[in-house]
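Worksheet for the structure shown next.
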Amino acid sequence: MVGQILTKMPDNNYSTKLLIVLIGIVGLATAFLFQNFDVLCLCFNQSGFYDFNSNNHNEVNFALNKLLRYLLNTLSSVAIIHAVFKDSKFSKSVTLIQILILIIFFPLYFYFAFSNILLLTQLYQKLNIILLNPIVPFILGISYYFKRRKL
Amino acid sequence: MQKKLIVFASKFVGIYLLLNLLYLLWISFLGNQIDGISELVAMVSQKILILIGYDVSLLYSDLHPRILFYLNNVNYITVSEGCNGVSVMITFFASILSFKGTAKSKVLFLSIGLFGVFLLNILRVSTLFYVALNHHEWFSFFHEYAFTALIYTLVFLLFIFWVNTYGGSNFNEDAGQ
């Protein structure tokens, strides 16, 4: 299906687009498959970059790992969207929406995650689904694809 | 286009959060009692497992809102609020509702789609029981990765089908640009 979409896009180098889409898919798969790994600890434990023995290590580590996953998902989805549609305006809009989500919802997400109130921790799990998976960029991309196809 | 996109994304996220909040309020109102959807998922899955030859019995936990699947006095899997597929249904519901389309087609497609997600979830629970029983080392992979990816792929395919068949464009004002 990706191949079909790519061939329909005129005036673009097919192999470059395919490469960007593949890198994007690898990025999304990495973010999904390594969701339970402490990437920060794995990468920087020996480097002295961060004090892993500090009191708030768990909270900081948790937050940074989640932000890293969000960043990887966003970069990968925007890369795929840009390679497929070649519409800078649309790619910028999706990036802007992802930044707005980051600013508005991540403080709430972390507050819910460390809360002792049951309802808030349950809400954290629901926010986890929508924030840490590329659901919003995918839905925007699908909608945009059909909008272009209908024009 | 940017404004239209932001409105569309806000509608999707807003509907998703509102429905989840209402759902969680309902769950917390039930306290230690298991919700009806999880109970239905557990019961239908049990029937399917019995049908394929596993004499599974269900046990309601006294301490938590959970249903335990037993075979020969061994507990293999547990069904709780997070296993009933409601989160996926809400994602599907929010994506269809936030997109343009006629009310009639939305009601029709939501009914079919939600039923599809429910059926796939039954299949997921039944398969997870089989995996826990026969290939326990693969349970975590299937539970956390394979079925999550499969169910969300179904939701996206349903959404693509919906937009392609019934949906109007949310960004029509840019036509011709």
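Starting from 1 in every chain, residues are counted up; chains themselves are A, B, ... following the order of the structure tokens, and ligands are numbered from 1 as listed.
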
Select residues of chain A: the criterion is any atom within 10 Å of an atom of chain B, counting only C-alpha atoms; output as a PDB file with N, CA and C atoms, in the first residue's frame.
```pdb
ATOM      1  N   PHE A  32       8.105   1.421  19.713  1.00  0.00           N
ATOM      2  CA  PHE A  32       7.097   0.488  20.210  1.00  0.00           C
ATOM      3  C   PHE A  32       7.730  -0.718  20.913  1.00  0.00           C
ATOM      4  N   LEU A  33       8.727  -1.316  20.277  1.00  0.00           N
ATOM      5  CA  LEU A  33       9.316  -2.549  20.818  1.00  0.00           C
ATOM      6  C   LEU A  33      10.194  -2.302  22.048  1.00  0.00           C
ATOM      7  N   GLN A  35       9.624  -0.017  24.363  1.00  0.00           N
ATOM      8  CA  GLN A  35       8.882   0.815  25.307  1.00  0.00           C
ATOM      9  C   GLN A  35       9.160   0.465  26.766  1.00  0.00           C
ATOM     10  N   ASN A  36       9.555  -0.782  27.034  1.00  0.00           N
ATOM     11  CA  ASN A  36       9.800  -1.168  28.418  1.00  0.00           C
ATOM     12  C   ASN A  36      11.278  -1.131  28.803  1.00  0.00           C
ATOM     13  N   LYS A  89       3.621  22.364   4.185  1.00  0.00           N
ATOM     14  CA  LYS A  89       2.610  23.031   5.015  1.00  0.00           C
ATOM     15  C   LYS A  89       1.932  22.006   5.941  1.00  0.00           C
ATOM     16  N   PHE A  90       1.595  20.856   5.349  1.00  0.00           N
ATOM     17  CA  PHE A  90       0.934  19.814   6.141  1.00  0.00           C
ATOM     18  C   PHE A  90       1.898  19.223   7.180  1.00  0.00           C
ATOM     19  N   LYS A  92       4.424  20.666   8.570  1.00  0.00           N
ATOM     20  CA  LYS A  92       4.617  21.661   9.635  1.00  0.00           C
ATOM     21  C   LYS A  92       3.408  21.687  10.570  1.00  0.00           C
ATOM     22  N   SER A  93       2.210  21.559   9.984  1.00  0.00           N
ATOM     23  CA  SER A  93       0.993  21.575  10.813  1.00  0.00           C
ATOM     24  C   SER A  93       0.968  20.381  11.770  1.00  0.00           C
ATOM     25  N   VAL A  94       1.343  19.198  11.260  1.00  0.00           N
ATOM     26  CA  VAL A  94       1.364  18.001  12.116  1.00  0.00           C
ATOM     27  C   VAL A  94       2.404  18.183  13.233  1.00  0.00           C
ATOM     28  N   LEU A  96       3.429  21.013  14.484  1.00  0.00           N
ATOM     29  CA  LEU A  96       2.885  22.011  15.426  1.00  0.00           C
ATOM     30  C   LEU A  96       1.889  21.364  16.393  1.00  0.00           C
ATOM     31  N   ILE A  97       1.013  20.511  15.845  1.00  0.00           N
ATOM     32  CA  ILE A  97       0.020  19.829  16.691  1.00  0.00           C
ATOM     33  C   ILE A  97       0.727  18.943  17.717  1.00  0.00           C
ATOM     34  N   GLN A  98       1.779  18.242  17.281  1.00  0.00           N
ATOM     35  CA  GLN A  98       2.534  17.383  18.199  1.00  0.00           C
ATOM     36  C   GLN A  98       3.214  18.223  19.302  1.00  0.00           C
ATOM     37  N   LEU A 100       2.085  21.155  20.388  1.00  0.00           N
ATOM     38  CA  LEU A 100       0.993  21.619  21.263  1.00  0.00           C
ATOM     39  C   LEU A 100       0.578  20.518  22.244  1.00  0.00           C
ATOM     40  N   ILE A 101       0.486  19.282  21.729  1.00  0.00           N
ATOM     41  CA  ILE A 101       0.128  18.142  22.590  1.00  0.00           C
ATOM     42  C   ILE A 101       1.183  17.972  23.682  1.00  0.00           C
ATOM     43  N   LEU A 118      -6.448   7.077  42.596  1.00  0.00           N
ATOM     44  CA  LEU A 118      -6.697   5.970  41.670  1.00  0.00           C
ATOM     45  C   LEU A 118      -7.200   6.448  40.311  1.00  0.00           C
ATOM     46  N   LEU A 119      -8.188   7.365  40.327  1.00  0.00           N
ATOM     47  CA  LEU A 119      -8.769   7.850  39.067  1.00  0.00           C
ATOM     48  C   LEU A 119      -7.706   8.498  38.178  1.00  0.00           C
ATOM     49  N   LEU A 120      -6.792   9.241  38.804  1.00  0.00           N
ATOM     50  CA  LEU A 120      -5.751   9.924  38.032  1.00  0.00           C
ATOM     51  C   LEU A 120      -4.738   8.930  37.459  1.00  0.00           C
ATOM     52  N   GLN A 122      -5.429   5.904  36.653  1.00  0.00           N
ATOM     53  CA  GLN A 122      -6.139   5.233  35.552  1.00  0.00           C
ATOM     54  C   GLN A 122      -6.172   6.136  34.315  1.00  0.00           C
ATOM     55  N   LEU A 123      -6.365   7.446  34.562  1.00  0.00           N
ATOM     56  CA  LEU A 123      -6.357   8.404  33.441  1.00  0.00           C
ATOM     57  C   LEU A 123      -4.976   8.464  32.789  1.00  0.00           C
ATOM     58  N   GLN A 125      -3.000   5.959  32.421  1.00  0.00           N
ATOM     59  CA  GLN A 125      -2.908   4.813  31.506  1.00  0.00           C
ATOM     60  C   GLN A 125      -3.619   5.089  30.177  1.00  0.00           C
ATOM     61  N   LYS A 126      -4.728   5.823  30.256  1.00  0.00           N
ATOM     62  CA  LYS A 126      -5.464   6.141  29.020  1.00  0.00           C
ATOM     63  C   LYS A 126      -4.702   7.184  28.201  1.00  0.00           C
ATOM     64  N   LEU A 127      -4.104   8.170  28.899  1.00  0.00           N
ATOM     65  CA  LEU A 127      -3.300   9.179  28.198  1.00  0.00           C
ATOM     66  C   LEU A 127      -2.078   8.532  27.554  1.00  0.00           C
ATOM     67  N   ILE A 129      -1.848   5.725  26.114  1.00  0.00           N
ATOM     68  CA  ILE A 129      -2.185   5.139  24.814  1.00  0.00           C
ATOM     69  C   ILE A 129      -2.122   6.193  23.710  1.00  0.00           C
ATOM     70  N   ILE A 130      -2.738   7.330  23.977  1.00  0.00           N
ATOM     71  CA  ILE A 130      -2.858   8.336  22.911  1.00  0.00           C
ATOM     72  C   ILE A 130      -1.588   9.174  22.746  1.00  0.00           C
ATOM     73  N   LEU A 131      -0.817   9.328  23.830  1.00  0.00           N
ATOM     74  CA  LEU A 131       0.382  10.172  23.736  1.00  0.00           C
ATOM     75  C   LEU A 131       1.598   9.405  23.240  1.00  0.00           C
ATOM     76  N   ASN A 133       1.754   6.598  21.472  1.00  0.00           N
ATOM     77  CA  ASN A 133       1.631   5.895  20.195  1.00  0.00           C
ATOM     78  C   ASN A 133       1.298   6.959  19.141  1.00  0.00           C
ATOM     79  N   ILE A 135      -0.902   7.824  17.267  1.00  0.00           N
ATOM     80  CA  ILE A 135      -2.303   7.766  16.835  1.00  0.00           C
ATOM     81  C   ILE A 135      -2.731   9.072  16.147  1.00  0.00           C
ATOM     82  N   VAL A 136      -2.423  10.212  16.772  1.00  0.00           N
ATOM     83  CA  VAL A 136      -2.858  11.505  16.210  1.00  0.00           C
ATOM     84  C   VAL A 136      -2.219  11.760  14.831  1.00  0.00           C
ATOM     85  N   PRO A 137      -0.881  11.635  14.666  1.00  0.00           N
ATOM     86  CA  PRO A 137      -0.319  11.847  13.317  1.00  0.00           C
ATOM     87  C   PRO A 137      -0.886  10.883  12.275  1.00  0.00           C
ATOM     88  N   PHE A 138      -1.158   9.632  12.674  1.00  0.00           N
ATOM     89  CA  PHE A 138      -1.700   8.649  11.733  1.00  0.00           C
ATOM     90  C   PHE A 138      -3.088   9.069  11.259  1.00  0.00           C
ATOM     91  N   ILE A 139      -3.933   9.470  12.206  1.00  0.00           N
ATOM     92  CA  ILE A 139      -5.297   9.862  11.852  1.00  0.00           C
ATOM     93  C   ILE A 139      -5.277  11.106  10.957  1.00  0.00           C
ATOM     94  N   LEU A 140      -4.401  12.052  11.285  1.00  0.00           N
ATOM     95  CA  LEU A 140      -4.273  13.255  10.452  1.00  0.00           C
ATOM     96  C   LEU A 140      -3.785  12.882   9.053  1.00  0.00           C
ATOM     97  N   ILE A 142      -4.043   9.959   7.448  1.00  0.00           N
ATOM     98  CA  ILE A 142      -5.068   9.226   6.696  1.00  0.00           C
ATOM     99  C   ILE A 142      -6.113  10.202   6.141  1.00  0.00           C
ATOM    100  N   SER A 143      -6.565  11.126   7.002  1.00  0.00           N
ATOM    101  CA  SER A 143      -7.574  12.102   6.584  1.00  0.00           C
ATOM    102  C   SER A 143      -7.051  12.937   5.424  1.00  0.00           C
ATOM    103  N   TYR A 144      -5.790  13.363   5.517  1.00  0.00           N
ATOM    104  CA  TYR A 144      -5.193  14.221   4.494  1.00  0.00           C
ATOM    105  C   TYR A 144      -5.038  13.459   3.173  1.00  0.00           C
ATOM    106  N   TYR A 145      -4.672  12.188   3.268  1.00  0.00           N
ATOM    107  CA  TYR A 145      -4.503  11.370   2.059  1.00  0.00           C
ATOM    108  C   TYR A 145      -5.814  11.304   1.271  1.00  0.00           C
ATOM    109  N   PHE A 146      -6.912  11.053   1.979  1.00  0.00           N
ATOM    110  CA  PHE A 146      -8.192  10.942   1.289  1.00  0.00           C
ATOM    111  C   PHE A 146      -8.705  12.292   0.813  1.00  0.00           C
ATOM    112  N   LYS A 147      -8.323  13.353   1.518  1.00  0.00           N
ATOM    113  CA  LYS A 147      -8.690  14.703   1.062  1.00  0.00           C
ATOM    114  C   LYS A 147      -8.007  14.977  -0.272  1.00  0.00           C
ATOM    115  N   ARG A 148      -6.719  14.620  -0.370  1.00  0.00           N
ATOM    116  CA  ARG A 148      -5.974  14.864  -1.608  1.00  0.00           C
ATOM    117  C   ARG A 148      -6.481  14.006  -2.753  1.00  0.00           C
ATOM    118  N   ARG A 149      -6.845  12.763  -2.391  1.00  0.00           N
ATOM    119  CA  ARG A 149      -7.309  11.852  -3.420  1.00  0.00           C
ATOM    120  C   ARG A 149      -8.637  12.302  -4.010  1.00  0.00           C
ATOM    121  N   LYS A 150      -9.460  12.950  -3.168  1.00  0.00           N
ATOM    122  CA  LYS A 150     -10.785  13.380  -3.622  1.00  0.00           C
ATOM    123  C   LYS A 150     -10.735  14.674  -4.430  1.00  0.00           C
ATOM    124  N   LEU A 151      -9.608  15.417  -4.328  1.00  0.00           N
ATOM    125  CA  LEU A 151      -9.538  16.708  -5.037  1.00  0.00           C
ATOM    126  C   LEU A 151      -9.384  16.496  -6.536  1.00  0.00           C
TER     127      LEU A 151
END
```

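Here the strand (DSSP E or B) residues in chain B, by DSSP on the backbone, are Ser57, Leu58, Leu59, Tyr60, Ile67, Leu68, Phe69, Tyr70, Leu71, Val74, Asn75, Tyr76, Ile77, Thr78 and Val79 of chain B.
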
Give me a file of those residues, with N, CA and C atoms, as a PDB file, in the first residue's frame.
```pdb
ATOM      1  N   SER B  57     -12.811 -22.757  33.800  1.00  0.00           N
ATOM      2  CA  SER B  57     -13.802 -22.210  34.729  1.00  0.00           C
ATOM      3  C   SER B  57     -13.383 -20.801  35.147  1.00  0.00           C
ATOM      4  N   LEU B  58     -14.375 -19.953  35.420  1.00  0.00           N
ATOM      5  CA  LEU B  58     -14.092 -18.570  35.806  1.00  0.00           C
ATOM      6  C   LEU B  58     -14.262 -18.388  37.299  1.00  0.00           C
ATOM      7  N   LEU B  59     -13.387 -17.594  37.887  1.00  0.00           N
ATOM      8  CA  LEU B  59     -13.488 -17.298  39.314  1.00  0.00           C
ATOM      9  C   LEU B  59     -13.430 -15.789  39.507  1.00  0.00           C
ATOM     10  N   TYR B  60     -14.408 -15.243  40.217  1.00  0.00           N
ATOM     11  CA  TYR B  60     -14.431 -13.793  40.479  1.00  0.00           C
ATOM     12  C   TYR B  60     -13.579 -13.503  41.704  1.00  0.00           C
ATOM     13  N   ILE B  67     -11.502 -11.216  36.862  1.00  0.00           N
ATOM     14  CA  ILE B  67     -12.007 -12.586  36.670  1.00  0.00           C
ATOM     15  C   ILE B  67     -10.827 -13.468  36.288  1.00  0.00           C
ATOM     16  N   LEU B  68     -10.672 -14.563  37.025  1.00  0.00           N
ATOM     17  CA  LEU B  68      -9.531 -15.451  36.805  1.00  0.00           C
ATOM     18  C   LEU B  68      -9.955 -16.676  36.001  1.00  0.00           C
ATOM     19  N   PHE B  69      -9.152 -17.026  35.003  1.00  0.00           N
ATOM     20  CA  PHE B  69      -9.419 -18.192  34.160  1.00  0.00           C
ATOM     21  C   PHE B  69      -8.655 -19.391  34.720  1.00  0.00           C
ATOM     22  N   TYR B  70      -9.398 -20.420  35.126  1.00  0.00           N
ATOM     23  CA  TYR B  70      -8.772 -21.615  35.705  1.00  0.00           C
ATOM     24  C   TYR B  70      -8.935 -22.830  34.798  1.00  0.00           C
ATOM     25  N   LEU B  71      -7.879 -23.633  34.730  1.00  0.00           N
ATOM     26  CA  LEU B  71      -7.962 -24.936  34.067  1.00  0.00           C
ATOM     27  C   LEU B  71      -7.217 -25.928  34.959  1.00  0.00           C
ATOM     28  N   VAL B  74      -5.479 -24.483  37.989  1.00  0.00           N
ATOM     29  CA  VAL B  74      -4.348 -23.564  37.773  1.00  0.00           C
ATOM     30  C   VAL B  74      -4.876 -22.310  37.078  1.00  0.00           C
ATOM     31  N   ASN B  75      -4.487 -21.134  37.630  1.00  0.00           N
ATOM     32  CA  ASN B  75      -4.906 -19.861  37.030  1.00  0.00           C
ATOM     33  C   ASN B  75      -3.913 -19.477  35.921  1.00  0.00           C
ATOM     34  N   TYR B  76      -4.421 -19.334  34.705  1.00  0.00           N
ATOM     35  CA  TYR B  76      -3.534 -18.999  33.589  1.00  0.00           C
ATOM     36  C   TYR B  76      -3.596 -17.518  33.206  1.00  0.00           C
ATOM     37  N   ILE B  77      -4.793 -16.982  33.080  1.00  0.00           N
ATOM     38  CA  ILE B  77      -4.890 -15.548  32.765  1.00  0.00           C
ATOM     39  C   ILE B  77      -5.940 -14.876  33.642  1.00  0.00           C
ATOM     40  N   THR B  78      -5.882 -13.556  33.679  1.00  0.00           N
ATOM     41  CA  THR B  78      -6.830 -12.762  34.467  1.00  0.00           C
ATOM     42  C   THR B  78      -7.390 -11.658  33.574  1.00  0.00           C
ATOM     43  N   VAL B  79      -8.704 -11.478  33.628  1.00  0.00           N
ATOM     44  CA  VAL B  79      -9.331 -10.394  32.853  1.00  0.00           C
ATOM     45  C   VAL B  79      -9.768  -9.300  33.810  1.00  0.00           C
TER      46      VAL B  79
END
```

ask   = Tell me, which residues of segment 14-64 of chain B carry DSSP helix (DSSP H, G or I), written as a ChimeraX atom specification?
value = /B:14-30,36-51

request  = For Ile23 of chain A, please output as JSON, numbers by chain all residues within 9 Å (counting only C-alpha atoms; exclusion window: fewer than 4 positions along the same chain).
outcome  = {"A": [18, 19, 27, 28, 76, 79, 80]}

key: For Tyr166 of chain B: contacts at 12 Å, only C-alpha atoms, fewer than 4 positions along chain excluded, given as a PyMOL selection string   = (chain A and resi 146) or (chain B and resi 96+99-110+158-162)

task = Name the residues in contact with segment 66-73 of chain A at a cut-off of 6 Å, using only C-alpha atoms, excluding same-chain residues fewer than 5 positions from it; report them as number ranges by chain.
result = A: 28, 31, 132, 134

Would you output that residue set with N, CA and C atoms, as a short mmCIF file (atom, residue, chain, number, x, y, z; two decimals), in the first residue's frame?
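The result, written out as out_35.cif:
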```
data_model
loop_
_atom_site.label_atom_id
_atom_site.label_comp_id
_atom_site.auth_asym_id
_atom_site.auth_seq_id
_atom_site.Cartn_x
_atom_site.Cartn_y
_atom_site.Cartn_z
N LEU A 28 9.39 4.03 14.34
CA LEU A 28 8.14 3.72 15.05
C LEU A 28 8.22 2.35 15.72
N ALA A 31 10.47 2.56 18.78
CA ALA A 31 9.76 3.21 19.91
C ALA A 31 8.77 2.24 20.55
N LEU A 132 1.75 8.17 23.69
CA LEU A 132 2.98 7.45 23.37
C LEU A 132 2.87 6.50 22.18
N PRO A 134 1.72 6.75 17.91
CA PRO A 134 1.52 7.82 16.90
C PRO A 134 0.09 7.88 16.37
#
```

query = Pick the closest to Met43 of chain B from B:Leu19, B:Val117, B:Val7, B:Val125: which is it, counting only C-alpha atoms?
reply =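 The answer is B:Val125, which sits nearest to Met43 of chain B.
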